[in-house]
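Q: Dropping a structure here in structure tokens format, bear with me for questions.
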Amino acid sequence: MSDRAERGGNRVEQGGQRAGADPDGRVPGRRSPDEASPERQPSAGQPPGRQSRDEQSPDGESPVRQSLNEPSPGEQLSAEAVSDDERRKRRRERRIAAYRSARRVLARPGYLGTLRERLALLDEARALDLHDLDGPSDLYGDGIVEALEEKTAGLLGKEAAAFFPTGTMAQQVALRCWAGRSGNPTVALHGLAHPEVHERGAFSQVSGLRPVRVTSEPRLPTAAEVRDFDEPFGALMLELPLRDAGFVLPTWEELTEIVEAARERDAVVHFDGARLWESTVHFGRPLEEIADLADSVYVSFYKSLDGFGGAALAGPKTLVDEAKAWRHRYGGAIYQQFATALSALAGLERELPRMPEYVAHARVVAAALREGFAAAGVPWMGVHPEPPHTNEFQVWLPYDADVVAEAAIRHAEETGAVLFANGWEAKAPGLAFTEVYVRAAALEWTADDVKEAVAGFVALLTEEITR
């Protein structure tokens, strides 16, 4: 534990109430206009150009569907609005149906599976002998939940870890605890960070924290931006990788400089490591060395590891003990979580060792996509970042998002091979992008397979454009 963390631990009683300081206003959010959710809601000041023209991407984060054009009292939807909403709803249903029935995909995340398929994960977990299944079950966080916490802390090289039902709760609790210790509720983060974009202002609305944006550029903040930021902050939160910027990471040297800049300001450093598992190849460092840069780290058990859900907060034992008290207050001390904990242990056993393989193959897929589009005569396309930093990346095309989305669904329906499983969003008029995930299923695709699929997709795209 750092000296600063120990000093902070002695100030809990003195500064603990400051975490409840009045917020300075709601953090802007964002939603897909086709499928809003608690993580994607509109707000004043929403940046333009990030609206979905297709439908919610099947990334497991936002499963709740609401009407795009929900009328205010006394108002009626126009026939045109109803038609537009219904068209997008049906497109999403077609896309997911094609995905589920496809012979070949680049990733098969479990949350799109059937209930029977998800339950089968528990049978697989039993076969892996991950825990004593003849021992007592868990109650309010003991038993198998404690075993998962110990394993996670060991992987990240931290003193302790606490299991949380959601990452949203884990990070609020972590940063609230740090605010109490530092006496400063201000959290410096990126404008595209998950709490800013997907959590409906939870930091300020629920936890009394005050988020400030170090930058909103599509990259991690620089050391100079952290060092020269024009107001004090108690904690710096870094999302690794930064999903909404394209799953981007800094270099190892840049990351260490950013952390040092925060240290110079006597701020704690917290990693939003929802997908930290995917970052070791890019950094060329093991997980524990990456996590050692931060005072605390949050990790997800479902985004990369395909568990049923859940998250963990890892850090100094004093922080984790306090976090568990706040977990109870936030409603996160759940009666039994053995199924979720067992699925997380299975993900750590089955998926975590394969992350380097997935990242390596993502770079093969990305290069084949570029070559395939060039061979098909597409004037321009973008892979971002290039090469991918993790096993997930963005693809950009200079066409209307509706047109590209329809071509992608038709290609999946007609060939049984899904090249673009997620929805397409409009970044600007005539410019669309989507996210591509590469996991175990993608290892069956060669570069030539990808290029062949691109050729078929472009043929259908041309048909849609000329309609």
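Quick note on naming: the chains in the structure tokens go A, B, ... in the order shown, residues restart at 1 in each chain, and ligands are numbered from 1 in order of appearance.
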Need to verify the contact set: A:Phe271, 9 Å, only C-alpha atoms, exclusion of same-chain residues closer than 2 positions in sequence. Can you return it as a list in words?

A: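 Answer for this query is Leu236, Met237, Leu238, Glu239, Leu240, Val269, Gly273, Ala274, Leu276, Ala291, Leu293, Ala294, Asp295, Ser296, Val297, Tyr298 and Val299 of chain A.
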
Q: Using backbone DSSP assignments, extract all helix (DSSP H, G or I) residues from stretch 163-270 of chain A; output them as a CSV table (one decimal) with N, CA and C atoms, in the first residue's frame.

A:
chain,number,residue,atom,x,y,z
A,167,GLY,N,-20.5,-3.2,-11.5
A,167,GLY,CA,-19.4,-2.3,-11.5
A,167,GLY,C,-19.8,-0.8,-11.1
A,168,THR,N,-21.0,-0.4,-11.5
A,168,THR,CA,-21.4,0.9,-11.1
A,168,THR,C,-21.4,1.1,-9.6
A,169,MET,N,-21.9,0.1,-8.9
A,169,MET,CA,-21.8,0.2,-7.4
A,169,MET,C,-20.4,0.1,-6.9
A,170,ALA,N,-19.6,-0.8,-7.5
A,170,ALA,CA,-18.2,-0.9,-7.0
A,170,ALA,C,-17.4,0.4,-7.1
A,171,GLN,N,-17.6,1.1,-8.2
A,171,GLN,CA,-16.8,2.3,-8.4
A,171,GLN,C,-17.3,3.4,-7.6
A,172,GLN,N,-18.6,3.5,-7.5
A,172,GLN,CA,-19.1,4.6,-6.6
A,172,GLN,C,-18.6,4.4,-5.2
A,173,VAL,N,-18.6,3.2,-4.7
A,173,VAL,CA,-18.2,2.9,-3.3
A,173,VAL,C,-16.7,3.2,-3.2
A,174,ALA,N,-15.9,2.7,-4.1
A,174,ALA,CA,-14.4,3.0,-4.1
A,174,ALA,C,-14.1,4.4,-4.0
A,175,LEU,N,-14.7,5.2,-4.9
A,175,LEU,CA,-14.4,6.6,-5.0
A,175,LEU,C,-15.0,7.4,-3.8
A,176,ARG,N,-16.1,6.9,-3.3
A,176,ARG,CA,-16.7,7.6,-2.1
A,176,ARG,C,-15.7,7.3,-0.9
A,177,CYS,N,-15.2,6.1,-0.8
A,177,CYS,CA,-14.3,5.8,0.3
A,177,CYS,C,-13.0,6.7,0.2
A,178,TRP,N,-12.5,6.8,-1.0
A,178,TRP,CA,-11.3,7.6,-1.2
A,178,TRP,C,-11.6,9.1,-0.9
A,179,ALA,N,-12.8,9.6,-1.3
A,179,ALA,CA,-13.1,10.9,-1.0
A,179,ALA,C,-13.1,11.2,0.5
A,180,GLY,N,-13.6,10.2,1.3
A,180,GLY,CA,-13.6,10.4,2.7
A,180,GLY,C,-12.2,10.5,3.3
A,181,ARG,N,-11.3,9.7,2.7
A,181,ARG,CA,-10.0,9.7,3.2
A,181,ARG,C,-9.2,10.9,2.8
A,182,SER,N,-9.4,11.4,1.6
A,182,SER,CA,-8.7,12.6,1.1
A,182,SER,C,-9.3,13.9,1.5
A,194,HIS,N,-17.0,5.6,-18.5
A,194,HIS,CA,-18.3,4.9,-18.3
A,194,HIS,C,-19.3,5.7,-17.4
A,195,PRO,N,-18.8,6.1,-16.2
A,195,PRO,CA,-19.7,6.9,-15.3
A,195,PRO,C,-20.3,8.2,-16.0
A,196,GLU,N,-19.5,8.8,-16.8
A,196,GLU,CA,-20.0,10.0,-17.5
A,196,GLU,C,-21.0,9.7,-18.5
A,197,VAL,N,-20.9,8.6,-19.2
A,197,VAL,CA,-21.7,8.4,-20.4
A,197,VAL,C,-22.9,7.4,-20.2
A,198,HIS,N,-22.7,6.5,-19.3
A,198,HIS,CA,-23.7,5.4,-19.2
A,198,HIS,C,-24.4,5.2,-17.8
A,202,ALA,N,-24.6,9.1,-11.8
A,202,ALA,CA,-24.7,8.4,-10.5
A,202,ALA,C,-23.7,8.9,-9.5
A,203,PHE,N,-22.5,9.3,-10.0
A,203,PHE,CA,-21.5,9.8,-9.1
A,203,PHE,C,-22.0,11.0,-8.3
A,204,SER,N,-22.6,12.0,-9.0
A,204,SER,CA,-23.1,13.2,-8.3
A,204,SER,C,-24.5,13.0,-7.7
A,205,GLN,N,-25.3,12.2,-8.3
A,205,GLN,CA,-26.7,12.1,-7.9
A,205,GLN,C,-26.8,11.2,-6.7
A,206,VAL,N,-26.0,10.1,-6.6
A,206,VAL,CA,-26.1,9.1,-5.5
A,206,VAL,C,-25.0,9.3,-4.5
A,207,SER,N,-23.8,9.5,-4.9
A,207,SER,CA,-22.7,9.3,-4.0
A,207,SER,C,-22.0,10.6,-3.6
A,223,ALA,N,-0.2,13.0,-19.3
A,223,ALA,CA,0.4,13.4,-18.0
A,223,ALA,C,0.3,14.9,-17.8
A,224,ALA,N,0.6,15.7,-18.9
A,224,ALA,CA,0.5,17.1,-18.8
A,224,ALA,C,-0.9,17.6,-18.5
A,225,GLU,N,-1.9,17.0,-19.1
A,225,GLU,CA,-3.3,17.4,-18.8
A,225,GLU,C,-3.6,17.1,-17.3
A,226,VAL,N,-3.1,16.0,-16.8
A,226,VAL,CA,-3.4,15.7,-15.4
A,226,VAL,C,-2.6,16.7,-14.5
A,227,ARG,N,-1.4,16.9,-14.8
A,227,ARG,CA,-0.5,17.8,-14.0
A,227,ARG,C,-1.0,19.2,-14.0
A,243,ARG,N,-13.4,2.3,-23.5
A,243,ARG,CA,-14.3,1.7,-24.5
A,243,ARG,C,-14.9,2.6,-25.5
A,244,ASP,N,-15.4,3.8,-25.1
A,244,ASP,CA,-16.1,4.6,-26.0
A,244,ASP,C,-15.2,5.4,-26.9
A,245,ALA,N,-13.9,5.3,-26.7
A,245,ALA,CA,-13.0,5.9,-27.6
A,245,ALA,C,-12.4,4.9,-28.6
A,252,TRP,N,2.7,1.9,-22.1
A,252,TRP,CA,3.1,1.7,-20.7
A,252,TRP,C,3.8,2.9,-20.1
A,253,GLU,N,4.7,3.5,-20.9
A,253,GLU,CA,5.4,4.7,-20.5
A,253,GLU,C,4.4,5.8,-20.2
A,254,GLU,N,3.4,6.0,-21.1
A,254,GLU,CA,2.5,7.1,-20.9
A,254,GLU,C,1.6,6.8,-19.7
A,255,LEU,N,1.3,5.6,-19.4
A,255,LEU,CA,0.4,5.3,-18.3
A,255,LEU,C,1.2,5.6,-17.0
A,256,THR,N,2.4,5.2,-16.9
A,256,THR,CA,3.2,5.4,-15.7
A,256,THR,C,3.4,6.9,-15.5
A,257,GLU,N,3.6,7.7,-16.6
A,257,GLU,CA,3.7,9.2,-16.4
A,257,GLU,C,2.4,9.8,-16.0
A,258,ILE,N,1.3,9.3,-16.5
A,258,ILE,CA,0.0,9.8,-16.0
A,258,ILE,C,-0.2,9.6,-14.5
A,259,VAL,N,0.1,8.4,-14.1
A,259,VAL,CA,0.0,8.0,-12.6
A,259,VAL,C,0.9,8.9,-11.8
A,260,GLU,N,2.1,9.1,-12.3
A,260,GLU,CA,3.1,9.9,-11.5
A,260,GLU,C,2.6,11.4,-11.4
A,261,ALA,N,1.9,11.9,-12.5
A,261,ALA,CA,1.4,13.2,-12.5
A,261,ALA,C,0.3,13.4,-11.4
A,262,ALA,N,-0.5,12.3,-11.3
A,262,ALA,CA,-1.5,12.3,-10.2
A,262,ALA,C,-0.9,12.3,-8.8
A,263,ARG,N,0.1,11.5,-8.7
A,263,ARG,CA,0.8,11.4,-7.4
A,263,ARG,C,1.4,12.7,-7.0
A,264,GLU,N,1.9,13.5,-8.0
A,264,GLU,CA,2.5,14.8,-7.7
A,264,GLU,C,1.4,15.7,-7.1

Q: Between A:Pro250, A:Pro316, A:Gly143, A:Pro429, which has the minimum distance to A:Thr222 (counting only C-alpha atoms)?

A: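 Among the listed residues, A:Pro250 lies closest to A:Thr222.
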
Q: Work out how far apart atom CA of A:Val214 and atom CA of A:Asp230 are and give it in Å to one decimal.

A: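 One can read the atom CA of A:Val214 to atom CA of A:Asp230 distance as 9.3 Å.
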
Q: Using atom CA of A:Val436 and atom CA of A:Leu192 as the two end points, give the distance in Å to one decimal.

A: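 Interatomic distance here is 18.7 Å.
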
Q: Using only C-alpha atoms, which of the listed residues (A:Ala235, A:Ala333, A:Val359, A:Leu112) sits closest to A:Val145?

A: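 For A:Val145, the nearest of the candidates is A:Ala333.
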
Q: For atom CA of A:Ala453 and atom CA of A:Arg87, determine how far apart the two atoms are, in Å to one decimal place.

A: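 Distance between the two atoms: 25.8 Å.
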
Q: Assign secondary structure with DSSP using the backbone only, and return the residues of stretch 124-323 of chain A in strand (DSSP E) as a ChimeraX atom specification.

A: /A:160-164,186-190,210-215,235-239,268-273,296-300,311-315

Q: Could you dump the residues just selected with N, CA, C and O atoms as a compact mmCIF listing (two decimals), in the first residue's frame?

A:
# COMPACT_ATOMS: atom_id res chain seq x y z
N ALA A 160 -6.57 -7.16 -0.80
CA ALA A 160 -7.90 -7.72 -0.61
C ALA A 160 -8.78 -7.30 -1.77
O ALA A 160 -8.44 -6.42 -2.56
N ALA A 161 -9.94 -7.94 -1.87
CA ALA A 161 -10.92 -7.60 -2.89
C ALA A 161 -12.32 -7.82 -2.33
O ALA A 161 -12.52 -8.67 -1.45
N ALA A 162 -13.27 -7.07 -2.84
CA ALA A 162 -14.67 -7.20 -2.44
C ALA A 162 -15.52 -7.44 -3.69
O ALA A 162 -15.37 -6.73 -4.68
N PHE A 163 -16.40 -8.43 -3.62
CA PHE A 163 -17.31 -8.73 -4.73
C PHE A 163 -18.50 -7.78 -4.68
O PHE A 163 -19.04 -7.50 -3.61
N PHE A 164 -18.89 -7.26 -5.85
CA PHE A 164 -20.05 -6.39 -5.97
C PHE A 164 -20.97 -6.91 -7.06
O PHE A 164 -20.50 -7.50 -8.05
N THR A 186 -13.91 15.50 -5.35
CA THR A 186 -13.76 15.71 -6.80
C THR A 186 -13.01 14.55 -7.43
O THR A 186 -11.92 14.18 -6.97
N VAL A 187 -13.59 13.98 -8.48
CA VAL A 187 -12.98 12.87 -9.21
C VAL A 187 -12.66 13.33 -10.62
O VAL A 187 -13.56 13.74 -11.38
N ALA A 188 -11.40 13.31 -10.97
CA ALA A 188 -10.98 13.67 -12.33
C ALA A 188 -11.06 12.43 -13.21
O ALA A 188 -10.57 11.36 -12.84
N LEU A 189 -11.73 12.56 -14.36
CA LEU A 189 -11.88 11.42 -15.26
C LEU A 189 -11.99 11.91 -16.69
O LEU A 189 -11.95 13.10 -16.97
N HIS A 190 -12.14 10.96 -17.61
CA HIS A 190 -12.27 11.27 -19.02
C HIS A 190 -13.72 11.57 -19.36
O HIS A 190 -14.64 10.99 -18.76
N ARG A 210 -18.03 14.65 -7.19
CA ARG A 210 -18.05 15.74 -8.17
C ARG A 210 -17.10 15.40 -9.32
O ARG A 210 -15.91 15.60 -9.23
N PRO A 211 -17.63 14.84 -10.41
CA PRO A 211 -16.75 14.50 -11.53
C PRO A 211 -16.35 15.73 -12.33
O PRO A 211 -17.16 16.62 -12.59
N VAL A 212 -15.09 15.78 -12.71
CA VAL A 212 -14.58 16.83 -13.61
C VAL A 212 -13.81 16.13 -14.73
O VAL A 212 -13.14 15.13 -14.52
N ARG A 213 -13.95 16.67 -15.94
CA ARG A 213 -13.37 16.03 -17.11
C ARG A 213 -11.98 16.58 -17.41
O ARG A 213 -11.82 17.77 -17.71
N VAL A 214 -11.00 15.72 -17.37
CA VAL A 214 -9.64 16.13 -17.69
C VAL A 214 -9.51 16.40 -19.19
O VAL A 214 -8.86 17.34 -19.62
N THR A 215 -10.17 15.55 -20.00
CA THR A 215 -10.20 15.73 -21.45
C THR A 215 -11.37 14.92 -21.99
O THR A 215 -11.87 14.02 -21.30
N ALA A 235 -9.13 12.21 -6.50
CA ALA A 235 -8.85 10.94 -7.16
C ALA A 235 -8.84 11.13 -8.67
O ALA A 235 -9.60 11.94 -9.21
N LEU A 236 -7.99 10.37 -9.32
CA LEU A 236 -7.97 10.29 -10.78
C LEU A 236 -8.45 8.91 -11.17
O LEU A 236 -7.90 7.90 -10.72
N MET A 237 -9.50 8.84 -11.98
CA MET A 237 -10.02 7.57 -12.45
C MET A 237 -9.64 7.38 -13.91
O MET A 237 -9.90 8.24 -14.75
N LEU A 238 -9.00 6.25 -14.23
CA LEU A 238 -8.58 5.94 -15.60
C LEU A 238 -9.28 4.67 -16.05
O LEU A 238 -9.17 3.63 -15.41
N GLU A 239 -10.01 4.74 -17.17
CA GLU A 239 -10.67 3.57 -17.73
C GLU A 239 -9.72 2.87 -18.70
O GLU A 239 -9.30 3.47 -19.70
N VAL A 268 -5.19 10.08 -5.26
CA VAL A 268 -5.17 8.63 -5.41
C VAL A 268 -5.52 8.30 -6.86
O VAL A 268 -6.11 9.10 -7.59
N VAL A 269 -5.15 7.11 -7.29
CA VAL A 269 -5.41 6.66 -8.66
C VAL A 269 -6.27 5.41 -8.60
O VAL A 269 -5.93 4.43 -7.93
N HIS A 270 -7.39 5.46 -9.30
CA HIS A 270 -8.31 4.32 -9.39
C HIS A 270 -8.43 3.90 -10.84
O HIS A 270 -8.66 4.73 -11.72
N PHE A 271 -8.28 2.60 -11.10
CA PHE A 271 -8.44 2.07 -12.46
C PHE A 271 -9.85 1.50 -12.63
O PHE A 271 -10.27 0.61 -11.87
N ASP A 272 -10.57 2.03 -13.62
CA ASP A 272 -11.77 1.37 -14.10
C ASP A 272 -11.28 0.29 -15.05
O ASP A 272 -11.07 0.53 -16.24
N GLY A 273 -11.11 -0.90 -14.51
CA GLY A 273 -10.53 -2.00 -15.28
C GLY A 273 -11.56 -3.02 -15.69
O GLY A 273 -11.28 -4.23 -15.63
N SER A 296 -6.45 1.50 -6.27
CA SER A 296 -7.56 0.57 -6.28
C SER A 296 -7.93 0.26 -7.73
O SER A 296 -7.68 1.07 -8.63
N VAL A 297 -8.51 -0.91 -7.93
CA VAL A 297 -8.86 -1.38 -9.28
C VAL A 297 -10.22 -2.04 -9.23
O VAL A 297 -10.51 -2.83 -8.32
N TYR A 298 -11.06 -1.72 -10.20
CA TYR A 298 -12.31 -2.45 -10.40
C TYR A 298 -12.17 -3.33 -11.63
O TYR A 298 -11.62 -2.90 -12.65
N VAL A 299 -12.67 -4.56 -11.56
CA VAL A 299 -12.70 -5.46 -12.70
C VAL A 299 -14.09 -6.07 -12.83
O VAL A 299 -14.81 -6.22 -11.85
N SER A 300 -14.46 -6.39 -14.06
CA SER A 300 -15.76 -7.01 -14.34
C SER A 300 -15.56 -8.50 -14.58
O SER A 300 -14.54 -8.92 -15.13
N ALA A 311 -18.76 -7.95 -10.24
CA ALA A 311 -17.53 -7.17 -10.33
C ALA A 311 -16.76 -7.31 -9.03
O ALA A 311 -17.28 -7.84 -8.04
N ALA A 312 -15.54 -6.82 -9.04
CA ALA A 312 -14.73 -6.82 -7.81
C ALA A 312 -13.98 -5.51 -7.70
O ALA A 312 -13.56 -4.93 -8.70
N LEU A 313 -13.82 -5.05 -6.48
CA LEU A 313 -12.98 -3.91 -6.16
C LEU A 313 -11.80 -4.44 -5.37
O LEU A 313 -11.97 -5.10 -4.34
N ALA A 314 -10.60 -4.15 -5.84
CA ALA A 314 -9.38 -4.63 -5.18
C ALA A 314 -8.53 -3.45 -4.75
O ALA A 314 -8.44 -2.44 -5.45
N GLY A 315 -7.88 -3.60 -3.60
CA GLY A 315 -7.01 -2.54 -3.09
C GLY A 315 -6.52 -2.86 -1.70
O GLY A 315 -6.52 -4.03 -1.27

Q: Tell me which of A:Glu149, A:Arg103, A:Arg108, A:Ile144 sits closest to A:Lys324, counting only C-alpha atoms.

A: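 Selected residue with least distance to A:Lys324: A:Glu149.
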
Q: Determine the nearest neighbour of A:Leu443 from the options A:Glu464, A:Glu371, A:Glu357, A:Glu289, counting only C-alpha atoms.

A: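 Selected residue with least distance to A:Leu443: A:Glu357.
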
Q: Which one of A:Thr466, A:Thr251, A:Ser343, A:Thr280 sits closest to A:Glu124 if you count only C-alpha atoms?

A: A:Ser343
